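Raw contents of work24.pdb, PDB, C-alpha atoms:
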ATOM      1  CA  GLY Z   1      14.105  -4.002   3.347
ATOM      2  CA  THR Z   2      12.660  -1.676   0.736
ATOM      3  CA  GLN Z   3       9.276   0.003   0.567
ATOM      4  CA  GLY Z   4       7.491   0.239  -2.781
ATOM      5  CA  LYS Z   5       5.853   3.587  -2.031
ATOM      6  CA  LEU Z   6       9.193   5.223  -1.212
ATOM      7  CA  ASN Z   7      11.537   6.409  -3.936
ATOM      8  CA  GLY Z   8      15.081   5.102  -4.424
ATOM      9  CA  ARG Z   9      16.595   7.937  -2.391
ATOM     10  CA  ASP Z  10      14.351   7.303   0.628
ATOM     11  CA  ASN Z  11      14.865   3.552   0.367
ATOM     12  CA  ALA Z  12      18.643   4.060   0.346
ATOM     13  CA  ILE Z  13      18.291   6.156   3.497
ATOM     14  CA  LEU Z  14      16.155   3.430   5.066
ATOM     15  CA  MET Z  15      18.724   0.751   4.146
ATOM     16  CA  GLY Z  16      21.551   2.688   5.758
ATOM     17  CA  MET Z  17      19.591   3.435   8.900
ATOM     18  CA  LEU Z  18      18.686  -0.267   9.199
ATOM     19  CA  LEU Z  19      22.440  -0.933   9.154
ATOM     20  CA  GLY Z  20      22.839   1.410  12.132
ATOM     21  CA  MET Z  21      23.977   4.523  10.322
ATOM     22  CA  SER Z  22      22.601   7.962  11.143
ATOM     23  CA  LYS Z  23      20.467   9.713   8.558
ATOM     24  CA  ALA Z  24      23.225  12.295   8.105
ATOM     25  CA  GLN Z  25      25.822   9.562   7.453
ATOM     26  CA  VAL Z  26      23.570   7.968   4.850
ATOM     27  CA  GLN Z  27      22.799  11.280   3.164
ATOM     28  CA  GLU Z  28      26.549  11.810   2.655
ATOM     29  CA  GLN Z  29      26.561   8.664   0.480
ATOM     30  CA  LEU Z  30      23.438   9.357  -1.615
ATOM     31  CA  ASP Z  31      25.216  10.955  -4.589
ATOM     32  CA  GLN Z  32      27.623   8.009  -4.749
ATOM     33  CA  ILE Z  33      24.715   5.524  -4.580
ATOM     34  CA  LYS Z  34      22.767   7.324  -7.299
ATOM     35  CA  GLU Z  35      25.811   7.565  -9.562
ATOM     36  CA  PHE Z  36      26.920   3.933  -9.121
ATOM     37  CA  SER Z  37      23.396   2.562  -9.579
ATOM     38  CA  GLU Z  38      22.975   4.426 -12.872
ATOM     39  CA  LEU Z  39      19.272   4.851 -12.093
ATOM     40  CA  GLY Z  40      19.214   8.484 -13.185
ATOM     41  CA  ALA Z  41      15.809  10.124 -12.726
ATOM     42  CA  ALA Z  42      14.342   6.803 -11.551
ATOM     43  CA  PHE Z  43      16.242   7.313  -8.281
ATOM     44  CA  GLU Z  44      13.478   9.788  -7.366
ATOM     45  CA  GLN Z  45      10.621   7.479  -8.468
ATOM     46  CA  PRO Z  46       8.727   5.016  -6.225
ATOM     47  CA  MET Z  47      10.406   1.616  -6.034
ATOM     48  CA  ALA Z  48       7.095   0.029  -6.995
ATOM     49  CA  THR Z  49       7.918   1.238 -10.522
ATOM     50  CA  TYR Z  50      11.373  -0.432 -10.518
ATOM     51  CA  SER Z  51      12.209  -3.636 -12.349
ATOM     52  CA  SER Z  52      13.953  -6.365 -10.350
ATOM     53  CA  GLY Z  53      17.216  -5.315 -11.979
ATOM     54  CA  MET Z  54      16.757  -1.708 -10.890
ATOM     55  CA  LYS Z  55      16.054  -2.843  -7.319
ATOM     56  CA  ALA Z  56      19.186  -4.987  -7.356
ATOM     57  CA  ARG Z  57      21.250  -2.069  -8.700
ATOM     58  CA  LEU Z  58      20.045   0.156  -5.870
ATOM     59  CA  GLY Z  59      20.647  -2.498  -3.209
ATOM     60  CA  PHE Z  60      24.143  -3.330  -4.468
ATOM     61  CA  SER Z  61      25.063   0.336  -4.849
ATOM     62  CA  ALA Z  62      23.907   1.108  -1.309
ATOM     63  CA  ALA Z  63      25.738  -1.895   0.134
ATOM     64  CA  ILE Z  64      28.983  -0.839  -1.526
ATOM     65  CA  ALA Z  65      28.600   2.789  -0.391
ATOM     66  CA  PHE Z  66      27.807   1.824   3.204
ATOM     67  CA  ASP Z  67      30.888  -0.447   3.316
ATOM     68  CA  PRO Z  68      29.663  -3.100   5.775
ATOM     69  CA  SER Z  69      32.221  -5.360   7.463
ATOM     70  CA  VAL Z  70      30.605  -8.371   5.763
ATOM     71  CA  LEU Z  71      29.079  -7.957   2.311
ATOM     72  CA  LEU Z  72      26.389 -10.493   1.399
ATOM     73  CA  VAL Z  73      25.582 -10.642  -2.321
ATOM     74  CA  ASP Z  74      22.820 -12.874  -3.686
ATOM     75  CA  GLU Z  75      22.908 -13.127  -7.498
ATOM     76  CA  THR Z  76      23.077  -9.333  -7.844
ATOM     77  CA  LEU Z  77      25.928  -9.519 -10.321
ATOM     78  CA  GLY Z  78      23.697 -11.331 -12.781
ATOM     79  CA  VAL Z  79      21.368  -8.380 -13.301
ATOM     80  CA  GLY Z  80      21.632  -5.283 -15.403
ATOM     81  CA  ASP Z  81      23.492  -4.612 -18.580
ATOM     82  CA  VAL Z  82      27.008  -5.759 -19.371
ATOM     83  CA  SER Z  83      28.654  -2.531 -18.193
ATOM     84  CA  PHE Z  84      26.903  -2.626 -14.796
ATOM     85  CA  ARG Z  85      27.812  -6.302 -14.303
ATOM     86  CA  LYS Z  86      31.426  -5.531 -15.164
ATOM     87  CA  LYS Z  87      31.522  -2.528 -12.840
ATOM     88  CA  SER Z  88      29.970  -4.556 -10.000
ATOM     89  CA  SER Z  89      32.387  -7.409 -10.574
ATOM     90  CA  GLU Z  90      35.342  -5.021 -10.363
ATOM     91  CA  VAL Z  91      34.068  -3.585  -7.073
ATOM     92  CA  MET Z  92      33.681  -7.129  -5.695
ATOM     93  CA  LYS Z  93      37.230  -8.041  -6.766
ATOM     94  CA  GLU Z  94      38.527  -4.879  -5.113
ATOM     95  CA  ARG Z  95      36.788  -5.780  -1.831
ATOM     96  CA  ILE Z  96      38.114  -9.328  -1.975
ATOM     97  CA  ARG Z  97      41.680  -8.118  -2.668
ATOM     98  CA  SER Z  98      41.415  -5.814   0.351
ATOM     99  CA  ASN Z  99      40.793  -8.895   2.544
ATOM    100  CA  ARG Z 100      37.220  -7.840   3.320
ATOM    101  CA  THR Z 101      34.649 -10.567   3.842
ATOM    102  CA  VAL Z 102      32.349 -11.130   0.880
ATOM    103  CA  VAL Z 103      29.752 -13.895   0.774
ATOM    104  CA  LEU Z 104      28.453 -14.437  -2.740
ATOM    105  CA  VAL Z 105      25.471 -16.689  -3.424
ATOM    106  CA  SER Z 106      25.297 -17.632  -7.080
ATOM    107  CA  HIS Z 107      24.429 -20.344  -9.556
ATOM    108  CA  GLN Z 108      26.755 -18.795 -12.148
ATOM    109  CA  ALA Z 109      29.819 -21.052 -12.289
ATOM    110  CA  ASN Z 110      31.924 -18.542 -14.228
ATOM    111  CA  THR Z 111      31.182 -15.818 -11.680
ATOM    112  CA  LEU Z 112      32.169 -18.107  -8.815
ATOM    113  CA  ARG Z 113      35.383 -19.146 -10.561
ATOM    114  CA  GLU Z 114      36.259 -15.533 -11.334
ATOM    115  CA  LEU Z 115      35.514 -13.961  -7.956
ATOM    116  CA  CYS Z 116      35.847 -16.603  -5.261
ATOM    117  CA  ASN Z 117      38.783 -18.251  -3.550
ATOM    118  CA  ARG Z 118      36.568 -20.690  -1.619
ATOM    119  CA  ALA Z 119      33.220 -22.271  -2.425
ATOM    120  CA  ILE Z 120      30.601 -24.189  -0.491
ATOM    121  CA  TRP Z 121      27.786 -26.211  -2.063
ATOM    122  CA  ILE Z 122      24.773 -26.133   0.237
ATOM    123  CA  GLU Z 123      21.573 -27.950  -0.600
ATOM    124  CA  HIS Z 124      18.521 -28.286   1.653
ATOM    125  CA  GLY Z 125      20.533 -26.834   4.540
ATOM    126  CA  LYS Z 126      23.349 -29.387   4.275
ATOM    127  CA  THR Z 127      26.919 -28.768   3.174
ATOM    128  CA  LEU Z 128      27.674 -31.164   0.342
ATOM    129  CA  ALA Z 129      31.128 -29.891  -0.629
ATOM    130  CA  GLU Z 130      33.609 -27.169   0.221
ATOM    131  CA  GLY Z 131      36.990 -26.195  -1.127
ATOM    132  CA  SER Z 132      38.322 -24.289  -4.109
ATOM    133  CA  PRO Z 133      35.681 -23.123  -6.601
ATOM    134  CA  ASP Z 134      37.059 -25.502  -9.244
ATOM    135  CA  GLU Z 135      36.850 -28.503  -6.883
ATOM    136  CA  VAL Z 136      33.356 -27.728  -5.640
ATOM    137  CA  LEU Z 137      31.994 -26.908  -9.091
ATOM    138  CA  GLU Z 138      33.513 -30.071 -10.575
ATOM    139  CA  TYR Z 139      31.881 -32.122  -7.810
ATOM    140  CA  TYR Z 140      28.581 -30.259  -8.279
ATOM    141  CA  GLU Z 141      28.613 -30.697 -12.045
ATOM    142  CA  SER Z 142      29.462 -34.393 -11.846
ATOM    143  CA  ASN Z 143      26.684 -35.014  -9.320
ATOM    144  CA  MET Z 144      24.050 -32.898 -11.038
ATOM    145  CA  GLY Z 145      24.717 -34.111 -14.578
ATOM    146  CA  VAL Z 146      25.775 -30.625 -15.652
ATOM    147  CA  THR Z 147      27.876 -30.496 -18.793
ATOM    148  CA  ASN Z 148      28.128 -26.708 -19.183
ATOM    149  CA  SER Z 149      29.743 -24.342 -16.634
ATOM    150  CA  ASP Z 150      26.696 -22.070 -16.501
TER
END
Let me see whether you can do it: turn the structure in this file into structure tokens.
Amino acid sequence: GTQGKLNGRDNAILMGMLLGMSKAQVQEQLDQIKEFSELGAAFEQPMATYSSGMKARLGFSAAIAFDPSVLLVDETLGVGDVSFRKKSSEVMKERIRSNRTVVLVSHQANTLRELCNRAIWIEHGKTLAEGSPDEVLEYYESNMGVTNSD
């Protein structure tokens, strides 16, 4: 949902408005988004100049600031430097502890074990296993010939 010609600020506004927020509501969150994303001056640059990690930082930061009832995260925690990953992980844990719905799509076994209380293995549109992260990952690893957790 981002536009390469628009800068990070305008894309954040667009993201919020696509979620049904007014422009004024989104603008109230822009400082928080910029600060959490750690994009600095790049926040005002066109997204076409962003790396995939920078795009993910902006998207995750906006999603957290807009506080949707269901948060969908697709591998975002695997991008960025160690401090950003840690900060993002803490925010996810906080949301999970608050009984908010978080759907995390990841191939990182350690991330799933750390953050999730339920896991589902889906392949080619079919559910192959569901249960605790340890159970599902053990089944996945035994069926995929995986010997390492990540």
Checklist entry - Nearest to Glu94 (chain Z) among Z:Ala65, Z:Leu115, Z:Val82, Z:Ile33, with distances taken over only C-alpha atoms: which residue is it? => result Z:Leu115
Item to check | Non-local contacts of Val73 (chain Z) (8 Å; all atoms listed in the file; under 2 positions in same chain excluded) as an MDAnalysis selection string | outcome: chainID Z and resid 60 71 75:76 102:105
Around all the atoms of region 110-116 of chain Z listed in the file, with 4 Å of room on each side, what axis-aligned box do you get, giving centre and edge lengths in Å to one decimal, as lines of an AutoDock Vina configuration file?
center_x = 33.7
center_y = -16.6
center_z = -9.7
size_x = 13.1
size_y = 13.2
size_z = 17.0
Next on the checklist: Please enumerate the residues selected by the PyMOL selection byres ((chain Z and resi 4) around 10) when evaluated against the supplied file, formatted as a ChimeraX atom specification.
Outcome noted: /Z:1-3,5-8,11,45-50
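Nearest residue to Arg9 (chain Z), choosing from Z:Leu128, Z:Leu30, Z:Ala62, Z:Cys116 and counting all atoms listed in the file: Z:Leu30.
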Item to check | Top pick for closest residue to Glu114 (chain Z), considering Z:Lys126, Z:Asn99, Z:Lys93, Z:Leu58 and counting all atoms listed in the file | outcome: Z:Lys93
Item to check | Point-to-point distance from CA of Arg95 (chain Z) to CA of Ala109 (chain Z), Å rounded to tenths | outcome: 19.8 Å
Next on the checklist: Could you tell me how far CA of Arg118 (chain Z) sits from CA of Pro133 (chain Z), in Å to one decimal place?
Outcome noted: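 Value for the CA of Pro133 (chain Z)-CA of Arg118 (chain Z) distance: 5.6 Å.
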Checklist entry - Which one is closest to Gly16 (chain Z): Z:Asn117, Z:Ser132, Z:Thr127, Z:Gln29? Count all atoms listed in the file. => result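 Looking at the shortest contact to Gly16 (chain Z), the residue is Z:Gln29.
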Can you tell me which residues surround Arg100 (chain Z) at a distance of at most 8 Å, considering all atoms listed in the file, apart from same-chain residues fewer than 4 positions away, and format the answer as an mmCIF file with C-alpha atoms, in the frame of the given file?
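Saved to part26.cif:
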data_model
loop_
_atom_site.group_PDB
_atom_site.id
_atom_site.type_symbol
_atom_site.label_atom_id
_atom_site.label_comp_id
_atom_site.auth_asym_id
_atom_site.auth_seq_id
_atom_site.Cartn_x
_atom_site.Cartn_y
_atom_site.Cartn_z
ATOM 1 C CA SER Z 69 32.221 -5.360 7.463
ATOM 2 C CA VAL Z 70 30.605 -8.371 5.763
ATOM 3 C CA ARG Z 95 36.788 -5.780 -1.831
ATOM 4 C CA ILE Z 96 38.114 -9.328 -1.975
#
Checklist entry - If you count only C-alpha atoms, which residues fall within 12 Å of Ile122 (chain Z), apart from same-chain ones fewer than 2 positions away, as a list in words? => result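 So the residues in contact are Val105, Ser106, His107, Ala119, Ile120, His124, Gly125, Lys126, Thr127, Leu128, Ala129, Glu130, Val136, Leu137 and Tyr140 of chain Z.
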Rebuild region 7-28 of chain Z so that it carries N, CA, C and O atoms, then output the result as a PDB file, in the coordinates of the input.
ATOM      1  N   ASN Z   7      10.663   6.349  -2.766  1.00  0.00           N
ATOM      2  CA  ASN Z   7      11.537   6.409  -3.936  1.00  0.00           C
ATOM      3  C   ASN Z   7      12.901   5.784  -3.610  1.00  0.00           C
ATOM      4  O   ASN Z   7      13.159   5.372  -2.471  1.00  0.00           O
ATOM      5  N   GLY Z   8      13.772   5.705  -4.614  1.00  0.00           N
ATOM      6  CA  GLY Z   8      15.081   5.102  -4.424  1.00  0.00           C
ATOM      7  C   GLY Z   8      15.904   5.814  -3.363  1.00  0.00           C
ATOM      8  O   GLY Z   8      16.564   5.180  -2.543  1.00  0.00           O
ATOM      9  N   ARG Z   9      15.853   7.142  -3.379  1.00  0.00           N
ATOM     10  CA  ARG Z   9      16.595   7.937  -2.391  1.00  0.00           C
ATOM     11  C   ARG Z   9      16.159   7.577  -0.974  1.00  0.00           C
ATOM     12  O   ARG Z   9      16.987   7.286  -0.107  1.00  0.00           O
ATOM     13  N   ASP Z  10      14.852   7.591  -0.718  1.00  0.00           N
ATOM     14  CA  ASP Z  10      14.351   7.303   0.628  1.00  0.00           C
ATOM     15  C   ASP Z  10      14.619   5.858   1.026  1.00  0.00           C
ATOM     16  O   ASP Z  10      14.894   5.563   2.189  1.00  0.00           O
ATOM     17  N   ASN Z  11      14.556   4.941   0.062  1.00  0.00           N
ATOM     18  CA  ASN Z  11      14.865   3.552   0.367  1.00  0.00           C
ATOM     19  C   ASN Z  11      16.344   3.383   0.697  1.00  0.00           C
ATOM     20  O   ASN Z  11      16.694   2.595   1.578  1.00  0.00           O
ATOM     21  N   ALA Z  12      17.217   4.112   0.026  1.00  0.00           N
ATOM     22  CA  ALA Z  12      18.643   4.060   0.346  1.00  0.00           C
ATOM     23  C   ALA Z  12      18.878   4.565   1.771  1.00  0.00           C
ATOM     24  O   ALA Z  12      19.659   3.984   2.527  1.00  0.00           O
ATOM     25  N   ILE Z  13      18.182   5.633   2.130  1.00  0.00           N
ATOM     26  CA  ILE Z  13      18.291   6.156   3.497  1.00  0.00           C
ATOM     27  C   ILE Z  13      17.815   5.103   4.490  1.00  0.00           C
ATOM     28  O   ILE Z  13      18.477   4.835   5.506  1.00  0.00           O
ATOM     29  N   LEU Z  14      16.693   4.477   4.201  1.00  0.00           N
ATOM     30  CA  LEU Z  14      16.155   3.430   5.066  1.00  0.00           C
ATOM     31  C   LEU Z  14      17.149   2.272   5.216  1.00  0.00           C
ATOM     32  O   LEU Z  14      17.396   1.792   6.320  1.00  0.00           O
ATOM     33  N   MET Z  15      17.743   1.848   4.096  1.00  0.00           N
ATOM     34  CA  MET Z  15      18.724   0.751   4.146  1.00  0.00           C
ATOM     35  C   MET Z  15      19.886   1.089   5.067  1.00  0.00           C
ATOM     36  O   MET Z  15      20.298   0.265   5.887  1.00  0.00           O
ATOM     37  N   GLY Z  16      20.417   2.280   4.921  1.00  0.00           N
ATOM     38  CA  GLY Z  16      21.551   2.688   5.758  1.00  0.00           C
ATOM     39  C   GLY Z  16      21.188   2.770   7.222  1.00  0.00           C
ATOM     40  O   GLY Z  16      21.952   2.335   8.092  1.00  0.00           O
ATOM     41  N   MET Z  17      20.017   3.312   7.509  1.00  0.00           N
ATOM     42  CA  MET Z  17      19.591   3.435   8.900  1.00  0.00           C
ATOM     43  C   MET Z  17      19.340   2.052   9.518  1.00  0.00           C
ATOM     44  O   MET Z  17      19.619   1.838  10.690  1.00  0.00           O
ATOM     45  N   LEU Z  18      18.865   1.095   8.704  1.00  0.00           N
ATOM     46  CA  LEU Z  18      18.686  -0.267   9.199  1.00  0.00           C
ATOM     47  C   LEU Z  18      20.029  -0.933   9.512  1.00  0.00           C
ATOM     48  O   LEU Z  18      20.099  -1.849  10.323  1.00  0.00           O
ATOM     49  N   LEU Z  19      21.090  -0.434   8.874  1.00  0.00           N
ATOM     50  CA  LEU Z  19      22.440  -0.933   9.154  1.00  0.00           C
ATOM     51  C   LEU Z  19      23.078  -0.213  10.340  1.00  0.00           C
ATOM     52  O   LEU Z  19      24.224  -0.477  10.678  1.00  0.00           O
ATOM     53  N   GLY Z  20      22.336   0.724  10.951  1.00  0.00           N
ATOM     54  CA  GLY Z  20      22.839   1.410  12.132  1.00  0.00           C
ATOM     55  C   GLY Z  20      23.486   2.751  11.872  1.00  0.00           C
ATOM     56  O   GLY Z  20      24.048   3.361  12.782  1.00  0.00           O
ATOM     57  N   MET Z  21      23.408   3.224  10.642  1.00  0.00           N
ATOM     58  CA  MET Z  21      23.977   4.523  10.322  1.00  0.00           C
ATOM     59  C   MET Z  21      22.977   5.625  10.660  1.00  0.00           C
ATOM     60  O   MET Z  21      21.776   5.391  10.664  1.00  0.00           O
ATOM     61  N   SER Z  22      23.493   6.826  10.925  1.00  0.00           N
ATOM     62  CA  SER Z  22      22.601   7.962  11.143  1.00  0.00           C
ATOM     63  C   SER Z  22      22.097   8.447   9.783  1.00  0.00           C
ATOM     64  O   SER Z  22      22.713   8.184   8.749  1.00  0.00           O
ATOM     65  N   LYS Z  23      21.010   9.176   9.805  1.00  0.00           N
ATOM     66  CA  LYS Z  23      20.467   9.713   8.558  1.00  0.00           C
ATOM     67  C   LYS Z  23      21.490  10.613   7.882  1.00  0.00           C
ATOM     68  O   LYS Z  23      21.659  10.575   6.656  1.00  0.00           O
ATOM     69  N   ALA Z  24      22.207  11.403   8.663  1.00  0.00           N
ATOM     70  CA  ALA Z  24      23.225  12.295   8.105  1.00  0.00           C
ATOM     71  C   ALA Z  24      24.349  11.493   7.434  1.00  0.00           C
ATOM     72  O   ALA Z  24      24.823  11.866   6.351  1.00  0.00           O
ATOM     73  N   GLN Z  25      24.780  10.402   8.053  1.00  0.00           N
ATOM     74  CA  GLN Z  25      25.822   9.562   7.453  1.00  0.00           C
ATOM     75  C   GLN Z  25      25.353   8.985   6.121  1.00  0.00           C
ATOM     76  O   GLN Z  25      26.115   8.946   5.148  1.00  0.00           O
ATOM     77  N   VAL Z  26      24.113   8.545   6.081  1.00  0.00           N
ATOM     78  CA  VAL Z  26      23.570   7.968   4.850  1.00  0.00           C
ATOM     79  C   VAL Z  26      23.469   9.039   3.775  1.00  0.00           C
ATOM     80  O   VAL Z  26      23.837   8.807   2.618  1.00  0.00           O
ATOM     81  N   GLN Z  27      22.979  10.215   4.139  1.00  0.00           N
ATOM     82  CA  GLN Z  27      22.799  11.280   3.164  1.00  0.00           C
ATOM     83  C   GLN Z  27      24.121  11.682   2.507  1.00  0.00           C
ATOM     84  O   GLN Z  27      24.134  12.076   1.344  1.00  0.00           O
ATOM     85  N   GLU Z  28      25.237  11.521   3.228  1.00  0.00           N
ATOM     86  CA  GLU Z  28      26.549  11.810   2.655  1.00  0.00           C
ATOM     87  C   GLU Z  28      26.885  10.857   1.504  1.00  0.00           C
ATOM     88  O   GLU Z  28      27.709  11.190   0.657  1.00  0.00           O
TER      89      GLU Z  28
END
